[in-house]
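What follows is a set of notes on a single structure, which appears directly below.
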Amino acid sequence: MTKKIAFFDSGIGGLTVLHKALQQFPEEQFLYYADTLHVPYGTKSADEVRGHIFDCVEAIVQEDVQAIVIACNTATSLAVKDLRAKYDIPIIGMEPAVKPAVEMNRDSGKRALVFATTLTLSQTKYNELVSRVDDHHSVDSIALPELVEWCEQLDFDASKIADYFRFKLADLDLQGYGTVVLGCTHYPFYTSILRTILPDHIQIIDGSTGTVNHLKQRLGLVAQPGGRTGEQVTFLSSSGRPEEQEKMYRALQYLEMNSK
């Protein structure tokens with residue numbers, strides 16, 4: 001039986017997680033809800049963002065979905081525990097892939113570098129995660145708030161973004177790193193550009209694989225890779241503006257084209 005699964009983010013970043021789910025479960029029915037009235041979250045106060053999240057999730061629940069994926073590291077950090085206490089459907093969150101990054105470097109002794117929003121990096125949840133898995137104090141982090149704003153503008157100018165990465169990484173010895181963690185769901189839109197900047201030995205990972213696997217387990221989904229993608233997605237936004245839905249559709253198409 002086809003399930004209706006919702007994905008939520010402040011903007012289009014969560015489409016990177018939805019896209020991974022679509023690749024595995026093309027026959028399921030998906031709803032994508034973006035809080036376009038309040039994007040970006042990463043530069044706002046925690047209390048303000050938490051209020052927006054609860055308003056949006058209440059709207060999503062009215063759509064009779066079987067599960068909600070909070071496809072946003074910041075939103076997960078701020079609200080997923082309280083959301084699970086309030087609603088009786090599965091609510092799947094995200095966290096930066098710090099643990100697998102550390103494990104991937106264990107034999108090489110290299111460091112992990114986490115890219116995330118300013119708000120995510122300031123949260124107790126993130127710092128507890130790092131403390132729990134980073135036995136050798138080998139995790140560093142950088143906030144990249146501009147990437148969210150550019151992504152929301154569908155700005156994928158390779159030269160501009162590459163220069164930005166070079167500037168942000170200028171003070172680091174990249175030979176000492178083995179993994180880069182994309183700790184915001186907007187950032188994978190720029191993976192191909194980042195790849196041209198980083199040394200070949202550095203692996204780029206994000207939390208979407210673990211999140212989609214968790215969704216699969218909770219709902220008992222059966223992977224059917226290679227089917228349709230994107231045709232069975234309903235796009236909704238807090239603004240309700242048709243142009244926002246069109247932007248989400250175009251962004252998902254961009255991900256599809258760049259994954260082939």
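How things are named: the first chain in the structure tokens is A, the next is B, and so on; residues count from 1 in each chain; ligands count from 1 in the order shown.
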Contact residues around Phe156 of chain A with only C-alpha atoms at 9 Å, ignoring same-chain residues under 5 positions, as a ChimeraX atom specification = /A:150-151,161,189-190,193
Taking only residues of segment 48-159 of chain A that have an atom at most 6 Å from an atom of segment 39-43 of chain A, what is each one's shortest atom pair and its distance in Å to one decimal, using only C-alpha atoms, in chain and number order, as JSON lines?
{"residue": "A:Thr117", "atom": "CA", "partner": "A:Gly42", "partner_atom": "CA", "distance": 5.2}
{"residue": "A:Thr118", "atom": "CA", "partner": "A:Gly42", "partner_atom": "CA", "distance": 5.8}
{"residue": "A:Leu119", "atom": "CA", "partner": "A:Gly42", "partner_atom": "CA", "distance": 4.9}
Based on the selection just made, write all heavy atoms of those residues as a compact mmCIF listing (two decimals), in the first residue's frame.
# COMPACT_ATOMS: atom_id res chain seq x y z
N THR A 117 25.11 25.40 9.62
CA THR A 117 24.66 26.77 9.86
C THR A 117 25.14 27.24 11.22
O THR A 117 25.48 26.44 12.10
CB THR A 117 23.12 26.87 9.82
OG1 THR A 117 22.58 26.16 10.94
CG2 THR A 117 22.56 26.30 8.52
N THR A 118 25.14 28.54 11.40
CA THR A 118 25.56 29.12 12.67
C THR A 118 24.69 28.60 13.82
O THR A 118 25.21 28.29 14.90
CB THR A 118 25.46 30.66 12.60
OG1 THR A 118 26.22 31.13 11.50
CG2 THR A 118 25.96 31.30 13.88
N LEU A 119 23.38 28.49 13.59
CA LEU A 119 22.47 28.05 14.64
C LEU A 119 22.71 26.58 15.01
O LEU A 119 22.73 26.23 16.19
CB LEU A 119 21.02 28.28 14.22
CG LEU A 119 19.94 28.03 15.27
CD1 LEU A 119 20.24 28.78 16.57
CD2 LEU A 119 18.57 28.44 14.73
Give me, as a tab-separated table, the closest atom pair and its distance (Å, one decimal) for every residue of segment 173-214 of chain A within a cut-off of 12 Å of segment 75-88 of chain A, counting only C-alpha atoms, rows sorted by chain and rising number.
residue	atom	partner	partner_atom	distance
A:Gly183	CA	A:Ser77	CA	11.6
A:Cys184	CA	A:Ala75	CA	10.3
A:Thr185	CA	A:Ala75	CA	10.9
A:Gly207	CA	A:Thr76	CA	11.9
A:Thr211	CA	A:Thr76	CA	11.4
Skip His52 of chain A itself and residues of its chain fewer than 5 positions away, then list as a ChimeraX atom specification all residues within 10 Å of it, counting only C-alpha atoms.
-> /A:10,35,37-39,41,47,57,75,238
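Between atom CA of Gln24 of chain A and atom CA of Leu236 of chain A there is a distance of 22.2 Å.
Using only C-alpha atoms for every distance, the candidate list A:Gln29, A:Ser141, A:Thr2, A:Asn105 yields A:Gln29 as the residue closest to Thr234 of chain A.
Between Ile92 of chain A and the candidates A:Leu113, A:Ala67, A:Met1, A:Ala59, the tightest atom-to-atom separation, counting only C-alpha atoms, involves A:Ala67.
Using only C-alpha atoms for every distance, the candidate list A:Ala143, A:Met104, A:Cys56, A:Ala223 yields A:Ala143 as the residue closest to Ser122 of chain A.
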For Arg250 of chain A, work out the shell of residues within 12 Å, counting only C-alpha atoms and skipping chain neighbours fewer than 4 positions away, then give it as a list in words.
-> Ile12, Leu15, Cys151, Glu152, Gln153, Leu154, Gly230, Phe235, Glu243, Glu244, Gln245, Glu246, Tyr254, Leu255, Glu256 and Met257 of chain A
For Ala158 of chain A, which of A:Leu172, A:Ile197, A:Leu144, A:Val133 is the closest residue, counting only C-alpha atoms?
-> A:Ile197
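The shortest atom-to-atom distance to Glu28 of chain A, with only C-alpha atoms taken into account, belongs to A:Lys216 out of A:Arg166, A:Arg111, A:Lys216, A:Lys247.
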Would you please work out which residue, of A:Glu146, A:Asp140, A:Asp157, A:Asp163, is nearest to Val180 of chain A when using only C-alpha atoms?
-> A:Asp140
Could you jot down the atom CA of Glu95 of chain A to atom CA of Thr209 of chain A separation for me, Å, one decimal place?
-> 11.0 Å
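Omitting Ser259 of chain A and its sequence neighbours fewer than 5 positions away, and counting only C-alpha atoms, the residues within 12 Å are Thr16, His19, Lys20, Gln23, Pro188, Phe189, Tyr190, Thr191, Ser192, Thr229, Leu252, Gln253 and Tyr254 of chain A.
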Could the residues in this selection be written to a file with N, CA and C atoms, as a PDB file, in the first residue's frame?
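Just written: result28.pdb:
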ATOM      1  N   THR A  16      17.219  17.793  -1.039  1.00  0.00           N
ATOM      2  CA  THR A  16      18.330  16.867  -1.217  1.00  0.00           C
ATOM      3  C   THR A  16      18.059  15.539  -0.510  1.00  0.00           C
ATOM      4  N   HIS A  19      15.119  13.850  -2.509  1.00  0.00           N
ATOM      5  CA  HIS A  19      15.630  13.269  -3.753  1.00  0.00           C
ATOM      6  C   HIS A  19      16.214  11.882  -3.517  1.00  0.00           C
ATOM      7  N   LYS A  20      16.921  11.729  -2.397  1.00  0.00           N
ATOM      8  CA  LYS A  20      17.489  10.416  -2.076  1.00  0.00           C
ATOM      9  C   LYS A  20      16.380   9.405  -1.798  1.00  0.00           C
ATOM     10  N   GLN A  23      14.774   8.308  -5.095  1.00  0.00           N
ATOM     11  CA  GLN A  23      15.596   7.359  -5.841  1.00  0.00           C
ATOM     12  C   GLN A  23      15.381   5.929  -5.356  1.00  0.00           C
ATOM     13  N   PRO A 188      24.352  20.046  -0.042  1.00  0.00           N
ATOM     14  CA  PRO A 188      24.608  19.077  -1.120  1.00  0.00           C
ATOM     15  C   PRO A 188      24.279  19.592  -2.528  1.00  0.00           C
ATOM     16  N   PHE A 189      23.534  20.682  -2.637  1.00  0.00           N
ATOM     17  CA  PHE A 189      23.348  21.287  -3.957  1.00  0.00           C
ATOM     18  C   PHE A 189      24.697  21.699  -4.555  1.00  0.00           C
ATOM     19  N   TYR A 190      25.684  21.900  -3.693  1.00  0.00           N
ATOM     20  CA  TYR A 190      26.985  22.407  -4.137  1.00  0.00           C
ATOM     21  C   TYR A 190      28.087  21.355  -4.066  1.00  0.00           C
ATOM     22  N   THR A 191      27.721  20.087  -3.933  1.00  0.00           N
ATOM     23  CA  THR A 191      28.725  19.026  -3.811  1.00  0.00           C
ATOM     24  C   THR A 191      29.672  18.990  -5.002  1.00  0.00           C
ATOM     25  N   SER A 192      29.135  19.083  -6.212  1.00  0.00           N
ATOM     26  CA  SER A 192      29.987  18.971  -7.404  1.00  0.00           C
ATOM     27  C   SER A 192      30.994  20.116  -7.476  1.00  0.00           C
ATOM     28  N   THR A 229      10.933   9.524 -10.690  1.00  0.00           N
ATOM     29  CA  THR A 229      11.293  10.439  -9.612  1.00  0.00           C
ATOM     30  C   THR A 229      10.646  11.789  -9.859  1.00  0.00           C
ATOM     31  N   LEU A 252      14.323  20.521  -7.586  1.00  0.00           N
ATOM     32  CA  LEU A 252      14.351  19.059  -7.612  1.00  0.00           C
ATOM     33  C   LEU A 252      14.828  18.557  -8.975  1.00  0.00           C
ATOM     34  N   GLN A 253      14.419  19.237 -10.029  1.00  0.00           N
ATOM     35  CA  GLN A 253      14.906  18.885 -11.362  1.00  0.00           C
ATOM     36  C   GLN A 253      16.417  19.061 -11.457  1.00  0.00           C
ATOM     37  N   TYR A 254      16.932  20.134 -10.849  1.00  0.00           N
ATOM     38  CA  TYR A 254      18.372  20.378 -10.850  1.00  0.00           C
ATOM     39  C   TYR A 254      19.120  19.210 -10.183  1.00  0.00           C
TER      40      TYR A 254
END
